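Novice: Before I ask anything, let me first share the structure, which is written out below as structure tokens.
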Amino acid sequence: MAYQIIDGVRVWGNPEAGALAQAKTCAEHGNVVQALLMADHHKGYSQPIGGVIVYEGQISPSGVGYDIGCGNKAVRTNLLAADIRPRLGRIMDDIARNVSFGIGRVNSEKVDHELFDDPDWSVYAAIGHQEHDKLKKLARDQLGTVGSGNHFVDLFEEAGTGRLWIGNHFGSRGFGHKTASGFINLAAGREFLANAPGEKMDQPPVLLDLDSELGDMYYRAMKLAGRYAYAGRDAVIRQVLAILGADAELEVHNHHNYAWKETHGGRETVVVRKGATPSAPGQLGFIGGSMGDISVIVRGKDTEENRAAFYSTVHGAGRIMSRTQAAGKMNWKTRTRSGGLISEVQMHEAVRSFGVELRGAGTDESPFVYRKLREVLDAHTETIEVLHVLKPIGVCMAGADEFDPYKD
């Protein structure tokens with residue numbers, strides 16, 4: 001057994017005090033079956049990142065978080081990394097130029113999708129015409145945009161085979177953010193589009209009964225935002241395949257900020273994973289490391305420990321340094337930073353030494369701010385097996401000082 005039980009919370013890896021305190025707070029509110037922390041855990045908003053809270057008959061909008069459906073997609077292409085190395089710099093320029101990072105859109109080619117005819121848009125119409133029209137327009141405008149923060153489009157070389165992979169990481173963008181804030185507002189008796197008061201990181205979770213009108217509406221809206229996130233990641237992968245002139249031979253796609261209805265131990269539950277990857281037996285997942293580290297494709301094991309983890313595992317390496325600690329405090333009026341433990345020179349030297357062609361990114365996403373992925377994977381060896389090890393050769397992210405209220 002690789003996990004500890006600390007005050008009832010099942011903890012993989014080294015316990016981080018702030019995240020553990022948040023998990024304990026979550027465990028003390030609502031119909032909680034179990035609280036867990038994956039090995040990449042750290043503090044988040046209300047529910048820790050890398051935290052899994054299992055409920056009976058309830059769902060938590062604050063637990064799922066503001067980036068509903070944030071997740072990863074990876075595809076193995078029909079190319080070898082060696083095929084593109086001579087033109088890697090030009091390819092990364094094309095990705096940076098044609099894929100929209102940050103809050104804006106670099107091209108006018110909006111992505112249409114059948115989900116805009118999804119019947120679950122009626123949830124927003126029931127709230128109000130203004131809310132429906134505003135969120136649907138935002139969703140149309142941002143579909144296929146990546147955002148900023150830790151969201152990326154990467155090219156990888158598979159260890160041992162040299163195969164070229166594409167990976168990306170982002171979620172439901174402004175549509176998901178406004179959906180989350182809207183339902184948190186409604187739960188507190190505020191208008192859906194109201195400006196929420198300053199909320200504390202360690203506040204108790206917002207809980208909705210699934211059989212209530214509001215709980216059912218949130219669940220339907222969350223699923224719609226999840227389908228939207230899938231559609232966005234699909235669209236970006238198609239863009240990059242076109243730039244490469246490649247085909248996809250294998251796809252791995254998963255959310256890690258979401259709530260799933262699942263049966264565990266014969267019991268109907270709602271598993272709220274924030275920064276945690278589903279890992280049911282045989283299920284594939286793509287777990288990203290930092291830009292100076294490996295990423296992996298994993299498969300869930302059929303083991304007692306995986307059952308104890310409620311079929312959950314890590315979603316990444318896990319931060320060990322906050323954005324402000326790493327990059328310093330940003331003054332958006334003057335667009336200057338002060339303080340910060342990591343310099344651009346340090347970051348670029350580390351990335352170059354790892355053999356990565358980098359476009360965009362700030363020091364708050366440098367390799368120094370994350371654990372080593374292998375360390376957190378080692379804590380979960382009884383729950384997942386690593387099928388493919390991927391080394392980044394090209395990383396593209398939003399610019400260092402890109403303002404995006406919907407990041408992370």
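Residues in the structure tokens are named by chain (A, B, ... in the order shown) and by number from 1 within that chain; ligands are numbered from 1 in the order shown.
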Tell me, as a PyMOL selection string, which residues lie within 10 Å of stretch 207-215 of chain A, counting only C-alpha atoms; anything in the same chain fewer than 4 positions away does not count.
Specialist: chain A and resi 29-31+55-63+123+183-184+186-187+219-221+270
Novice: Keeping only N, CA and C atoms, write the selected residues to a file as a tab-separated table (two decimals), in the first residue's frame.
Specialist:
```tsv
chain	number	residue	atom	x	y	z
A	29	HIS	N	-17.69	18.37	4.94
A	29	HIS	CA	-18.91	19.02	4.45
A	29	HIS	C	-19.60	18.13	3.42
A	30	GLY	N	-20.89	17.91	3.62
A	30	GLY	CA	-21.68	17.16	2.66
A	30	GLY	C	-21.63	15.66	2.88
A	31	ASN	N	-22.18	14.94	1.91
A	31	ASN	CA	-22.28	13.48	1.97
A	31	ASN	C	-21.02	12.87	1.37
A	55	TYR	N	-18.59	11.88	-3.46
A	55	TYR	CA	-19.84	12.22	-2.78
A	55	TYR	C	-20.92	11.19	-3.09
A	56	GLU	N	-21.92	11.18	-2.24
A	56	GLU	CA	-23.13	10.41	-2.51
A	56	GLU	C	-24.27	11.41	-2.71
A	57	GLY	N	-24.78	11.47	-3.95
A	57	GLY	CA	-25.94	12.30	-4.24
A	57	GLY	C	-25.67	13.79	-4.33
A	58	GLN	N	-24.41	14.20	-4.34
A	58	GLN	CA	-24.08	15.62	-4.39
A	58	GLN	C	-22.98	15.88	-5.43
A	59	ILE	N	-22.91	17.13	-5.85
A	59	ILE	CA	-21.88	17.57	-6.78
A	59	ILE	C	-21.38	18.93	-6.32
A	60	SER	N	-20.13	19.25	-6.63
A	60	SER	CA	-19.52	20.48	-6.13
A	60	SER	C	-18.99	21.33	-7.29
A	61	PRO	N	-19.65	22.44	-7.61
A	61	PRO	CA	-19.13	23.34	-8.65
A	61	PRO	C	-17.76	23.92	-8.31
A	62	SER	N	-17.52	24.19	-7.02
A	62	SER	CA	-16.20	24.70	-6.64
A	62	SER	C	-15.16	23.60	-6.69
A	63	GLY	N	-15.59	22.35	-6.49
A	63	GLY	CA	-14.67	21.22	-6.58
A	63	GLY	C	-14.22	20.97	-8.00
A	123	VAL	N	-30.46	24.75	-20.54
A	123	VAL	CA	-30.15	25.11	-19.15
A	123	VAL	C	-29.94	26.61	-19.03
A	183	PHE	N	-23.00	29.31	-11.52
A	183	PHE	CA	-23.69	28.40	-10.61
A	183	PHE	C	-23.25	28.60	-9.16
A	184	ILE	N	-22.00	28.98	-8.94
A	184	ILE	CA	-21.58	29.34	-7.58
A	184	ILE	C	-22.36	30.57	-7.11
A	186	LEU	N	-25.45	31.42	-8.19
A	186	LEU	CA	-26.84	31.00	-7.94
A	186	LEU	C	-26.96	30.27	-6.61
A	187	ALA	N	-25.96	29.44	-6.28
A	187	ALA	CA	-25.99	28.71	-5.01
A	187	ALA	C	-25.94	29.65	-3.81
A	219	TYR	N	-25.20	19.96	-13.38
A	219	TYR	CA	-24.66	18.73	-13.95
A	219	TYR	C	-24.77	18.73	-15.47
A	220	ARG	N	-25.91	19.16	-15.99
A	220	ARG	CA	-26.09	19.23	-17.45
A	220	ARG	C	-25.16	20.28	-18.07
A	221	ALA	N	-25.03	21.43	-17.40
A	221	ALA	CA	-24.15	22.49	-17.92
A	221	ALA	C	-22.70	22.04	-17.88
A	270	VAL	N	-20.66	10.24	-6.89
A	270	VAL	CA	-20.19	11.30	-7.79
A	270	VAL	C	-18.73	11.56	-7.41
```
Novice: I want to know what sits within 12 Å of stretch 376-382 of chain A, based on only C-alpha atoms, with residues of the same chain fewer than 2 positions away left out; could you give that as number ranges by chain?
Specialist: A: 1-4, 11-15, 37-41, 50, 277, 279, 281, 287-289, 294-309, 311-319, 370-374, 384-386, 389
Novice: Find the residues around A:Gly171 up to 7 Å (only C-alpha atoms counted), leave out those fewer than 3 positions away in its own chain, and share them as a compact mmCIF listing (two decimals) with N, CA, C and O atoms, in the first residue's frame.
Specialist:
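Once everything was written out, this is selection.txt:
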```txt
# COMPACT_ATOMS: atom_id res chain seq x y z
N ASP A 67 -12.20 25.88 -14.49
CA ASP A 67 -11.85 25.39 -15.82
C ASP A 67 -12.47 24.02 -16.01
O ASP A 67 -11.80 22.98 -16.02
N ILE A 68 -13.80 24.01 -16.16
CA ILE A 68 -14.54 22.75 -16.32
C ILE A 68 -14.00 22.00 -17.53
O ILE A 68 -13.81 22.56 -18.60
N GLY A 69 -13.74 20.72 -17.34
CA GLY A 69 -13.29 19.90 -18.47
C GLY A 69 -11.86 20.14 -18.88
O GLY A 69 -11.45 19.66 -19.96
N CYS A 70 -11.09 20.84 -18.07
CA CYS A 70 -9.68 20.96 -18.42
C CYS A 70 -9.11 19.54 -18.51
O CYS A 70 -9.43 18.67 -17.71
N GLY A 71 -8.27 19.33 -19.51
CA GLY A 71 -7.74 17.99 -19.71
C GLY A 71 -6.69 17.95 -20.78
O GLY A 71 -6.22 19.00 -21.25
N ALA A 229 -14.94 21.33 -24.19
CA ALA A 229 -13.49 21.19 -24.00
C ALA A 229 -12.93 20.12 -24.93
O ALA A 229 -11.86 20.29 -25.54
```
